[in-house]
file query_38.tsv (TSV, C-alpha atoms)
chain	number	residue	atom	x	y	z
A	1	MET	CA	18.95	-24.74	-29.64
A	2	ASN	CA	17.23	-27.43	-27.61
A	3	GLU	CA	13.49	-27.80	-27.78
A	4	ARG	CA	11.48	-27.62	-24.60
A	5	PRO	CA	10.59	-31.05	-23.19
A	6	ALA	CA	6.95	-31.99	-23.56
A	7	GLY	CA	4.76	-30.78	-20.71
A	8	ILE	CA	7.18	-28.09	-19.52
A	9	THR	CA	5.81	-24.55	-19.50
A	10	ALA	CA	8.14	-21.58	-19.90
A	11	LEU	CA	8.23	-19.16	-16.99
A	12	ASP	CA	6.91	-16.31	-19.10
A	13	GLU	CA	3.78	-18.39	-19.66
A	14	ARG	CA	3.11	-19.00	-15.95
A	15	ILE	CA	0.79	-16.55	-14.23
A	16	PRO	CA	2.49	-16.78	-10.79
A	17	PHE	CA	5.85	-15.94	-12.35
A	18	LEU	CA	4.41	-13.03	-14.35
A	19	LEU	CA	2.64	-11.65	-11.27
A	20	SER	CA	5.83	-12.00	-9.23
A	21	GLN	CA	7.97	-10.41	-11.94
A	22	LEU	CA	5.61	-7.48	-12.36
A	23	GLY	CA	5.08	-7.20	-8.59
A	24	ALA	CA	8.82	-6.93	-7.97
A	25	HIS	CA	9.09	-4.25	-10.66
A	26	VAL	CA	6.13	-2.28	-9.28
A	27	ALA	CA	7.43	-2.55	-5.68
A	28	THR	CA	10.84	-1.24	-6.72
A	29	GLU	CA	9.33	1.59	-8.75
A	30	PHE	CA	6.87	2.45	-5.96
A	31	GLY	CA	9.75	2.62	-3.48
A	32	ARG	CA	11.70	4.92	-5.79
A	33	ARG	CA	8.75	7.23	-6.30
A	34	MET	CA	7.98	7.40	-2.57
A	35	SER	CA	11.67	8.05	-1.84
A	36	ASP	CA	11.61	10.95	-4.31
A	37	ILE	CA	8.78	12.46	-2.23
A	38	GLY	CA	10.53	11.66	1.05
A	39	VAL	CA	8.14	8.98	2.32
A	40	GLN	CA	8.79	5.34	3.13
A	41	PRO	CA	6.57	2.92	1.18
A	42	ARG	CA	5.36	1.22	4.35
A	43	THR	CA	3.94	4.50	5.66
A	44	TYR	CA	1.99	5.32	2.48
A	45	ALA	CA	-1.17	3.40	3.46
A	46	VAL	CA	-1.34	5.05	6.88
A	47	LEU	CA	-0.92	8.53	5.44
A	48	MET	CA	-3.56	7.90	2.79
A	49	ALA	CA	-5.95	6.44	5.41
A	50	LEU	CA	-5.50	9.54	7.56
A	51	ALA	CA	-6.00	11.76	4.51
A	52	THR	CA	-9.55	10.41	4.22
A	53	ASP	CA	-10.28	10.21	7.98
A	54	ASP	CA	-7.81	12.16	10.09
A	55	GLY	CA	-7.63	11.67	13.85
A	56	GLN	CA	-8.13	7.90	14.00
A	57	SER	CA	-6.69	6.02	16.96
A	58	GLN	CA	-3.89	3.54	16.37
A	59	ARG	CA	-6.41	0.78	17.10
A	60	GLU	CA	-8.79	2.16	14.46
A	61	LEU	CA	-5.95	2.37	11.92
A	62	CYS	CA	-4.94	-1.22	12.71
A	63	ALA	CA	-8.50	-2.41	12.14
A	64	ARG	CA	-8.97	-0.36	8.97
A	65	LEU	CA	-5.69	-1.36	7.36
A	66	GLY	CA	-5.31	-4.84	8.81
A	67	ILE	CA	-1.90	-3.88	10.17
A	68	HIS	CA	-0.71	-5.71	13.28
A	69	ARG	CA	-0.64	-3.40	16.30
A	70	ASN	CA	3.09	-3.97	16.83
A	71	ALA	CA	3.83	-2.98	13.24
A	72	MET	CA	1.51	0.03	13.55
A	73	VAL	CA	3.43	1.36	16.55
A	74	GLY	CA	6.62	1.29	14.47
A	75	VAL	CA	4.94	2.95	11.48
A	76	VAL	CA	3.43	5.73	13.60
A	77	ASP	CA	6.74	6.20	15.43
A	78	ALA	CA	8.49	6.60	12.07
A	79	LEU	CA	5.86	9.03	10.80
A	80	GLU	CA	6.08	11.05	13.99
A	81	ALA	CA	9.90	11.16	13.78
A	82	GLU	CA	9.59	12.42	10.19
A	83	GLY	CA	7.21	15.18	11.30
A	84	LEU	CA	4.27	13.75	9.35
A	85	VAL	CA	1.88	12.88	12.20
A	86	ASP	CA	1.19	13.95	15.76
A	87	ARG	CA	-0.20	11.84	18.57
A	88	ARG	CA	-2.90	13.67	20.51
A	89	THR	CA	-5.30	12.59	23.20
A	90	HIS	CA	-8.26	10.94	21.48
A	91	PRO	CA	-11.38	13.09	22.00
A	92	GLU	CA	-13.57	10.05	22.73
A	93	ASP	CA	-11.11	7.86	24.67
A	94	ARG	CA	-8.54	9.49	26.96
A	95	ARG	CA	-6.59	6.19	27.09
A	96	ALA	CA	-5.98	6.31	23.34
A	97	PHE	CA	-4.11	8.60	21.00
A	98	ALA	CA	-5.59	10.20	17.92
A	99	ILE	CA	-3.12	10.12	15.05
A	100	THR	CA	-3.35	13.37	13.10
A	101	LEU	CA	-1.60	14.59	10.00
A	102	THR	CA	0.75	17.53	10.33
A	103	ASP	CA	0.66	20.42	7.88
A	104	ARG	CA	3.75	18.91	6.25
A	105	ALA	CA	1.89	15.64	5.64
A	106	ARG	CA	-1.22	17.43	4.35
A	107	ASN	CA	1.00	19.18	1.81
A	108	LEU	CA	2.46	15.80	0.73
A	109	ILE	CA	-0.87	13.98	0.24
A	110	PRO	CA	-1.54	15.31	-3.28
A	111	ASP	CA	1.99	14.27	-4.33
A	112	LEU	CA	1.51	10.80	-2.81
A	113	ASP	CA	-1.80	10.35	-4.58
A	114	GLN	CA	-0.35	11.57	-7.88
A	115	ALA	CA	2.67	9.24	-7.57
A	116	GLY	CA	0.35	6.27	-7.05
A	117	ARG	CA	-1.77	7.25	-10.05
A	118	ALA	CA	1.29	7.86	-12.23
A	119	LEU	CA	2.69	4.43	-11.39
A	120	GLU	CA	-0.63	2.76	-12.18
A	121	ASN	CA	-0.81	4.64	-15.48
A	122	SER	CA	2.77	3.66	-16.33
A	123	VAL	CA	2.28	-0.02	-15.55
A	124	THR	CA	-1.05	-0.25	-17.39
A	125	ALA	CA	-0.06	1.96	-20.34
A	126	PRO	CA	-0.24	-0.95	-22.85
A	127	LEU	CA	-3.89	-1.61	-21.87
A	128	SER	CA	-7.11	0.04	-22.99
A	129	ASP	CA	-9.45	1.52	-20.37
A	130	ALA	CA	-11.68	-1.56	-20.68
A	131	GLU	CA	-8.68	-3.88	-20.21
A	132	ARG	CA	-7.55	-1.88	-17.15
A	133	LYS	CA	-11.01	-2.25	-15.62
A	134	MET	CA	-11.05	-5.97	-16.40
A	135	LEU	CA	-7.54	-6.46	-14.98
A	136	ARG	CA	-8.47	-4.61	-11.78
A	137	GLU	CA	-11.59	-6.75	-11.35
A	138	LEU	CA	-9.72	-10.00	-12.03
A	139	LEU	CA	-6.93	-9.11	-9.61
A	140	GLN	CA	-9.48	-8.16	-6.94
A	141	ARG	CA	-11.21	-11.53	-7.42
A	142	MET	CA	-7.89	-13.38	-7.20
A	143	ALA	CA	-6.93	-11.46	-4.03
A	144	ALA	CA	-10.31	-12.24	-2.47
A	145	GLY	CA	-9.92	-15.90	-3.48
A	146	ALA	CA	-6.58	-15.95	-1.67
A	147	ASP	CA	-8.30	-14.50	1.45
A	148	LEU	CA	-6.19	-11.34	1.30
A	149	ILE	CA	-7.49	-8.34	3.21
A	150	ARG	CA	-8.82	-5.81	0.72
A	151	GLY	CA	-6.46	-2.84	0.41
A	152	VAL	CA	-3.87	-4.26	2.85
A	153	HIS	CA	-0.38	-5.32	1.85
A	154	PRO	CA	0.21	-8.85	3.19
A	155	HIS	CA	3.56	-7.84	4.72
A	156	LEU	CA	1.74	-5.55	7.13
A	157	ALA	CA	-1.25	-7.76	7.85
A	158	PRO	CA	-1.43	-9.70	11.13
A	159	GLY	CA	0.80	-12.74	10.75
A	160	GLY	CA	2.52	-11.20	7.72
A	161	VAL	CA	6.21	-10.56	7.23
A	162	GLN	CA	7.17	-7.41	9.10
A	163	SER	CA	9.61	-5.31	7.10

call {"tool": "encode", "arguments": {"input": "query_38.tsv", "output": "structure tokens"}}
result
Amino acid sequence: MNERPAGITALDERIPFLLSQLGAHVATEFGRRMSDIGVQPRTYAVLMALATDDGQSQRELCARLGIHRNAMVGVVDALEAEGLVDRRTHPEDRRAFAITLTDRARNLIPDLDQAGRALENSVTAPLSDAERKMLRELLQRMAAGADLIRGVHPHLAPGGVQS
């Protein structure tokens, strides 16, 4: 077996590779878990945002989640087609729509929350509670240092890749 040339670092020792490897795994697993519930991964953030503050306008959701308005229209259209949200006249602005959860969506919210928690628990199972807290804080600092919008997936942020 050949020895590694001096100065060359193995991929499994590079933080960007490890983050990418784990991120790909988590994204795939998240997609599977959401599919099992009958929800598309890209709609998860909108449903969870409405679960904590139902009746927001599309503009309010865009601002809260950092999702480009064009992407938001597609997400809300998909949620409406799936019977998970309704568009109603906004009580404070007749020109806007209030996006509200349907009863079907309200019944799904606990399952969505549990699926997210279960995935986090699965991924962090090798860590102690103190290590989980430290990892969360370090990742939050790294995300802030990269100027990422807190709680917003970069693929849905303005200027991000629209999937």

call {"tool": "residues_around", "arguments": {"input": "query_38.tsv", "residues": "Ile99 of chain A", "least_positions_apart": "2", "cutoff": "6 Å", "atoms": "all atoms listed in the file", "output": "list in words"}}
result
Gly55, Gln56, Ser57, Asp86 and Arg87 of chain A

call {"tool": "atom_distance", "arguments": {"input": "query_38.tsv", "atom1": "atom CA of Ala78 of chain A", "atom2": "atom CA of Val46 of chain A"}}
result
11.2 Å

call {"tool": "closest_residue", "arguments": {"input": "query_38.tsv", "among": "A:Val85, A:Leu119, A:Ala96, A:Ala125", "to": "Leu50 of chain A", "atoms": "all atoms listed in the file"}}
result
A:Val85

call {"tool": "atom_distance", "arguments": {"input": "query_38.tsv", "atom1": "atom CA of Thr43 of chain A", "atom2": "atom CA of Val73 of chain A"}}
result
11.3 Å

call {"tool": "closest_residue", "arguments": {"input": "query_38.tsv", "among": "A:Glu131, A:Leu65, A:Val123, A:Gly38", "to": "Ala105 of chain A", "atoms": "all atoms listed in the file"}}
result
A:Gly38

call {"tool": "residues_around", "arguments": {"input": "query_38.tsv", "residues": "segment 135-140 of chain A", "least_positions_apart": "4", "cutoff": "12 Å", "atoms": "all atoms listed in the file", "output": "list in words"}}
result
Ile15, Leu19, Glu120, Val123, Thr124, Leu127, Ser128, Asp129, Ala130, Glu131, Ala144, Gly145, Ala146, Asp147, Leu148, Ile149, Arg150, Gly151 and Val152 of chain A

call {"tool": "closest_residue", "arguments": {"input": "query_38.tsv", "among": "A:Asp111, A:Glu3, A:Asp103, A:Asp53", "to": "Val39 of chain A", "atoms": "all atoms listed in the file"}}
result
A:Asp111

call {"tool": "residues_around", "arguments": {"input": "query_38.tsv", "residues": "Met72 of chain A", "least_positions_apart": "5", "cutoff": "9 Å", "atoms": "all atoms listed in the file", "output": "PyMOL selection string"}}
result
chain A and resi 46+58-59+61-62+67+77+156

call {"tool": "closest_residue", "arguments": {"input": "query_38.tsv", "among": "A:Thr100, A:Thr9, A:Ser20, A:Ser35", "to": "Ala115 of chain A", "atoms": "all atoms listed in the file"}}
result
A:Ser35

call {"tool": "atom_distance", "arguments": {"input": "query_38.tsv", "atom1": "atom CA of Arg69 of chain A", "atom2": "atom CA of Leu84 of chain A"}}
result
19.1 Å

call {"tool": "axis_aligned_box", "arguments": {"input": "query_38.tsv", "around": "segment 148-155 of chain A", "padding_each_side": "6 Å", "output": "AutoDock Vina command-line options"}}
result
--center_x -2.6 --center_y -7.1 --center_z 2.6 --size_x 24.4 --size_y 20.5 --size_z 16.3

call {"tool": "closest_residue", "arguments": {"input": "query_38.tsv", "among": "A:His25, A:His68, A:Arg106, A:Arg14", "to": "Leu47 of chain A", "atoms": "all atoms listed in the file"}}
result
A:Arg106

call {"tool": "closest_residue", "arguments": {"input": "query_38.tsv", "among": "A:His90, A:His153, A:Arg141, A:Arg104", "to": "Gly23 of chain A", "atoms": "all atoms listed in the file"}}
result
A:His153

call {"tool": "residues_near_point", "arguments": {"input": "query_38.tsv", "point": "(2.4, 3.2, -0.5)", "cutoff": "10 Å", "atoms": "only C-alpha atoms", "output": "list in words"}}
result
Ala27, Phe30, Gly31, Arg33, Met34, Val39, Gln40, Pro41, Arg42, Thr43, Tyr44, Ala45, Val46, Leu47, Met48, Leu112, Asp113, Ala115, Gly116 and His153 of chain A

call {"tool": "decode", "arguments": {"input": "query_38.tsv", "residues": "segment 44-78 of chain A", "atoms": "N, CA, C and O atoms", "output": "PDB file, in the first residue's frame"}}
result
ATOM      1  N   TYR A  44     -41.631  21.734   4.386  1.00  0.00           N
ATOM      2  CA  TYR A  44     -41.541  21.534   5.836  1.00  0.00           C
ATOM      3  C   TYR A  44     -41.418  22.856   6.589  1.00  0.00           C
ATOM      4  O   TYR A  44     -42.146  23.102   7.555  1.00  0.00           O
ATOM      5  N   ALA A  45     -40.496  23.719   6.165  1.00  0.00           N
ATOM      6  CA  ALA A  45     -40.256  24.981   6.879  1.00  0.00           C
ATOM      7  C   ALA A  45     -41.503  25.859   6.891  1.00  0.00           C
ATOM      8  O   ALA A  45     -41.812  26.496   7.908  1.00  0.00           O
ATOM      9  N   VAL A  46     -42.228  25.891   5.780  1.00  0.00           N
ATOM     10  CA  VAL A  46     -43.433  26.717   5.707  1.00  0.00           C
ATOM     11  C   VAL A  46     -44.500  26.165   6.650  1.00  0.00           C
ATOM     12  O   VAL A  46     -45.125  26.919   7.401  1.00  0.00           O
ATOM     13  N   LEU A  47     -44.684  24.868   6.635  1.00  0.00           N
ATOM     14  CA  LEU A  47     -45.681  24.274   7.536  1.00  0.00           C
ATOM     15  C   LEU A  47     -45.326  24.518   9.000  1.00  0.00           C
ATOM     16  O   LEU A  47     -46.197  24.865   9.809  1.00  0.00           O
ATOM     17  N   MET A  48     -44.050  24.363   9.339  1.00  0.00           N
ATOM     18  CA  MET A  48     -43.646  24.573  10.726  1.00  0.00           C
ATOM     19  C   MET A  48     -43.755  26.047  11.111  1.00  0.00           C
ATOM     20  O   MET A  48     -44.097  26.369  12.253  1.00  0.00           O
ATOM     21  N   ALA A  49     -43.487  26.968  10.176  1.00  0.00           N
ATOM     22  CA  ALA A  49     -43.647  28.397  10.455  1.00  0.00           C
ATOM     23  C   ALA A  49     -45.118  28.734  10.686  1.00  0.00           C
ATOM     24  O   ALA A  49     -45.451  29.515  11.588  1.00  0.00           O
ATOM     25  N   LEU A  50     -45.995  28.140   9.904  1.00  0.00           N
ATOM     26  CA  LEU A  50     -47.430  28.374  10.089  1.00  0.00           C
ATOM     27  C   LEU A  50     -47.936  27.722  11.371  1.00  0.00           C
ATOM     28  O   LEU A  50     -48.883  28.214  11.990  1.00  0.00           O
ATOM     29  N   ALA A  51     -47.311  26.636  11.779  1.00  0.00           N
ATOM     30  CA  ALA A  51     -47.721  25.958  13.017  1.00  0.00           C
ATOM     31  C   ALA A  51     -47.522  26.872  14.221  1.00  0.00           C
ATOM     32  O   ALA A  51     -48.270  26.792  15.201  1.00  0.00           O
ATOM     33  N   THR A  52     -46.515  27.751  14.149  1.00  0.00           N
ATOM     34  CA  THR A  52     -46.251  28.655  15.276  1.00  0.00           C
ATOM     35  C   THR A  52     -46.933  30.009  15.109  1.00  0.00           C
ATOM     36  O   THR A  52     -47.074  30.737  16.086  1.00  0.00           O
ATOM     37  N   ASP A  53     -47.350  30.350  13.879  1.00  0.00           N
ATOM     38  CA  ASP A  53     -47.999  31.645  13.625  1.00  0.00           C
ATOM     39  C   ASP A  53     -48.846  31.517  12.364  1.00  0.00           C
ATOM     40  O   ASP A  53     -48.454  31.968  11.287  1.00  0.00           O
ATOM     41  N   ASP A  54     -49.998  30.905  12.503  1.00  0.00           N
ATOM     42  CA  ASP A  54     -50.873  30.643  11.360  1.00  0.00           C
ATOM     43  C   ASP A  54     -51.480  31.941  10.837  1.00  0.00           C
ATOM     44  O   ASP A  54     -51.666  32.903  11.581  1.00  0.00           O
ATOM     45  N   GLY A  55     -51.746  31.978   9.535  1.00  0.00           N
ATOM     46  CA  GLY A  55     -52.411  33.126   8.934  1.00  0.00           C
ATOM     47  C   GLY A  55     -51.482  34.211   8.434  1.00  0.00           C
ATOM     48  O   GLY A  55     -51.917  35.324   8.146  1.00  0.00           O
ATOM     49  N   GLN A  56     -50.189  33.910   8.311  1.00  0.00           N
ATOM     50  CA  GLN A  56     -49.247  34.893   7.780  1.00  0.00           C
ATOM     51  C   GLN A  56     -49.504  35.090   6.282  1.00  0.00           C
ATOM     52  O   GLN A  56     -49.945  34.179   5.587  1.00  0.00           O
ATOM     53  N   SER A  57     -49.169  36.264   5.795  1.00  0.00           N
ATOM     54  CA  SER A  57     -49.239  36.500   4.350  1.00  0.00           C
ATOM     55  C   SER A  57     -48.026  35.836   3.701  1.00  0.00           C
ATOM     56  O   SER A  57     -47.045  35.507   4.374  1.00  0.00           O
ATOM     57  N   GLN A  58     -48.096  35.644   2.390  1.00  0.00           N
ATOM     58  CA  GLN A  58     -46.940  35.097   1.678  1.00  0.00           C
ATOM     59  C   GLN A  58     -45.732  36.005   1.871  1.00  0.00           C
ATOM     60  O   GLN A  58     -44.613  35.527   2.048  1.00  0.00           O
ATOM     61  N   ARG A  59     -45.942  37.306   1.869  1.00  0.00           N
ATOM     62  CA  ARG A  59     -44.844  38.258   2.069  1.00  0.00           C
ATOM     63  C   ARG A  59     -44.224  38.070   3.457  1.00  0.00           C
ATOM     64  O   ARG A  59     -43.006  38.076   3.606  1.00  0.00           O
ATOM     65  N   GLU A  60     -45.062  37.894   4.476  1.00  0.00           N
ATOM     66  CA  GLU A  60     -44.550  37.675   5.830  1.00  0.00           C
ATOM     67  C   GLU A  60     -43.755  36.372   5.913  1.00  0.00           C
ATOM     68  O   GLU A  60     -42.695  36.320   6.537  1.00  0.00           O
ATOM     69  N   LEU A  61     -44.263  35.327   5.265  1.00  0.00           N
ATOM     70  CA  LEU A  61     -43.545  34.047   5.249  1.00  0.00           C
ATOM     71  C   LEU A  61     -42.204  34.187   4.535  1.00  0.00           C
ATOM     72  O   LEU A  61     -41.197  33.638   4.985  1.00  0.00           O
ATOM     73  N   CYS A  62     -42.190  34.909   3.425  1.00  0.00           N
ATOM     74  CA  CYS A  62     -40.937  35.140   2.693  1.00  0.00           C
ATOM     75  C   CYS A  62     -39.915  35.824   3.606  1.00  0.00           C
ATOM     76  O   CYS A  62     -38.756  35.418   3.657  1.00  0.00           O
ATOM     77  N   ALA A  63     -40.360  36.861   4.307  1.00  0.00           N
ATOM     78  CA  ALA A  63     -39.452  37.605   5.183  1.00  0.00           C
ATOM     79  C   ALA A  63     -38.983  36.733   6.341  1.00  0.00           C
ATOM     80  O   ALA A  63     -37.804  36.735   6.689  1.00  0.00           O
ATOM     81  N   ARG A  64     -39.885  35.984   6.920  1.00  0.00           N
ATOM     82  CA  ARG A  64     -39.541  35.154   8.086  1.00  0.00           C
ATOM     83  C   ARG A  64     -38.574  34.038   7.731  1.00  0.00           C
ATOM     84  O   ARG A  64     -37.642  33.744   8.476  1.00  0.00           O
ATOM     85  N   LEU A  65     -38.801  33.411   6.576  1.00  0.00           N
ATOM     86  CA  LEU A  65     -38.006  32.242   6.199  1.00  0.00           C
ATOM     87  C   LEU A  65     -36.880  32.563   5.227  1.00  0.00           C
ATOM     88  O   LEU A  65     -36.067  31.693   4.919  1.00  0.00           O
ATOM     89  N   GLY A  66     -36.847  33.803   4.733  1.00  0.00           N
ATOM     90  CA  GLY A  66     -35.802  34.154   3.785  1.00  0.00           C
ATOM     91  C   GLY A  66     -35.977  33.472   2.446  1.00  0.00           C
ATOM     92  O   GLY A  66     -35.021  33.300   1.702  1.00  0.00           O
ATOM     93  N   ILE A  67     -37.205  33.083   2.138  1.00  0.00           N
ATOM     94  CA  ILE A  67     -37.483  32.393   0.877  1.00  0.00           C
ATOM     95  C   ILE A  67     -37.877  33.426  -0.172  1.00  0.00           C
ATOM     96  O   ILE A  67     -38.707  34.295   0.086  1.00  0.00           O
ATOM     97  N   HIS A  68     -37.278  33.324  -1.342  1.00  0.00           N
ATOM     98  CA  HIS A  68     -37.588  34.242  -2.436  1.00  0.00           C
ATOM     99  C   HIS A  68     -39.074  34.151  -2.765  1.00  0.00           C
ATOM    100  O   HIS A  68     -39.661  33.067  -2.750  1.00  0.00           O
ATOM    101  N   ARG A  69     -39.676  35.288  -3.074  1.00  0.00           N
ATOM    102  CA  ARG A  69     -41.126  35.317  -3.310  1.00  0.00           C
ATOM    103  C   ARG A  69     -41.549  34.379  -4.439  1.00  0.00           C
ATOM    104  O   ARG A  69     -42.617  33.778  -4.373  1.00  0.00           O
ATOM    105  N   ASN A  70     -40.724  34.243  -5.476  1.00  0.00           N
ATOM    106  CA  ASN A  70     -41.084  33.338  -6.567  1.00  0.00           C
ATOM    107  C   ASN A  70     -41.094  31.889  -6.102  1.00  0.00           C
ATOM    108  O   ASN A  70     -41.960  31.105  -6.485  1.00  0.00           O
ATOM    109  N   ALA A  71     -40.132  31.537  -5.263  1.00  0.00           N
ATOM    110  CA  ALA A  71     -40.100  30.174  -4.709  1.00  0.00           C
ATOM    111  C   ALA A  71     -41.280  29.965  -3.767  1.00  0.00           C
ATOM    112  O   ALA A  71     -41.885  28.884  -3.751  1.00  0.00           O
ATOM    113  N   MET A  72     -41.626  30.996  -2.995  1.00  0.00           N
ATOM    114  CA  MET A  72     -42.729  30.874  -2.044  1.00  0.00           C
ATOM    115  C   MET A  72     -44.049  30.615  -2.751  1.00  0.00           C
ATOM    116  O   MET A  72     -44.864  29.811  -2.287  1.00  0.00           O
ATOM    117  N   VAL A  73     -44.269  31.272  -3.872  1.00  0.00           N
ATOM    118  CA  VAL A  73     -45.505  31.038  -4.628  1.00  0.00           C
ATOM    119  C   VAL A  73     -45.612  29.559  -4.993  1.00  0.00           C
ATOM    120  O   VAL A  73     -46.660  28.933  -4.813  1.00  0.00           O
ATOM    121  N   GLY A  74     -44.511  28.979  -5.468  1.00  0.00           N
ATOM    122  CA  GLY A  74     -44.516  27.563  -5.829  1.00  0.00           C
ATOM    123  C   GLY A  74     -44.741  26.657  -4.634  1.00  0.00           C
ATOM    124  O   GLY A  74     -45.473  25.659  -4.721  1.00  0.00           O
ATOM    125  N   VAL A  75     -44.130  26.989  -3.501  1.00  0.00           N
ATOM    126  CA  VAL A  75     -44.303  26.179  -2.288  1.00  0.00           C
ATOM    127  C   VAL A  75     -45.753  26.245  -1.815  1.00  0.00           C
ATOM    128  O   VAL A  75     -46.373  25.219  -1.510  1.00  0.00           O
ATOM    129  N   VAL A  76     -46.320  27.444  -1.770  1.00  0.00           N
ATOM    130  CA  VAL A  76     -47.711  27.587  -1.312  1.00  0.00           C
ATOM    131  C   VAL A  76     -48.661  26.922  -2.303  1.00  0.00           C
ATOM    132  O   VAL A  76     -49.628  26.263  -1.898  1.00  0.00           O
ATOM    133  N   ASP A  77     -48.390  27.055  -3.604  1.00  0.00           N
ATOM    134  CA  ASP A  77     -49.215  26.360  -4.598  1.00  0.00           C
ATOM    135  C   ASP A  77     -49.205  24.856  -4.354  1.00  0.00           C
ATOM    136  O   ASP A  77     -50.251  24.195  -4.396  1.00  0.00           O
ATOM    137  N   ALA A  78     -48.017  24.305  -4.097  1.00  0.00           N
ATOM    138  CA  ALA A  78     -47.896  22.861  -3.842  1.00  0.00           C
ATOM    139  C   ALA A  78     -48.640  22.465  -2.569  1.00  0.00           C
ATOM    140  O   ALA A  78     -49.348  21.448  -2.541  1.00  0.00           O
TER     141      ALA A  78
END
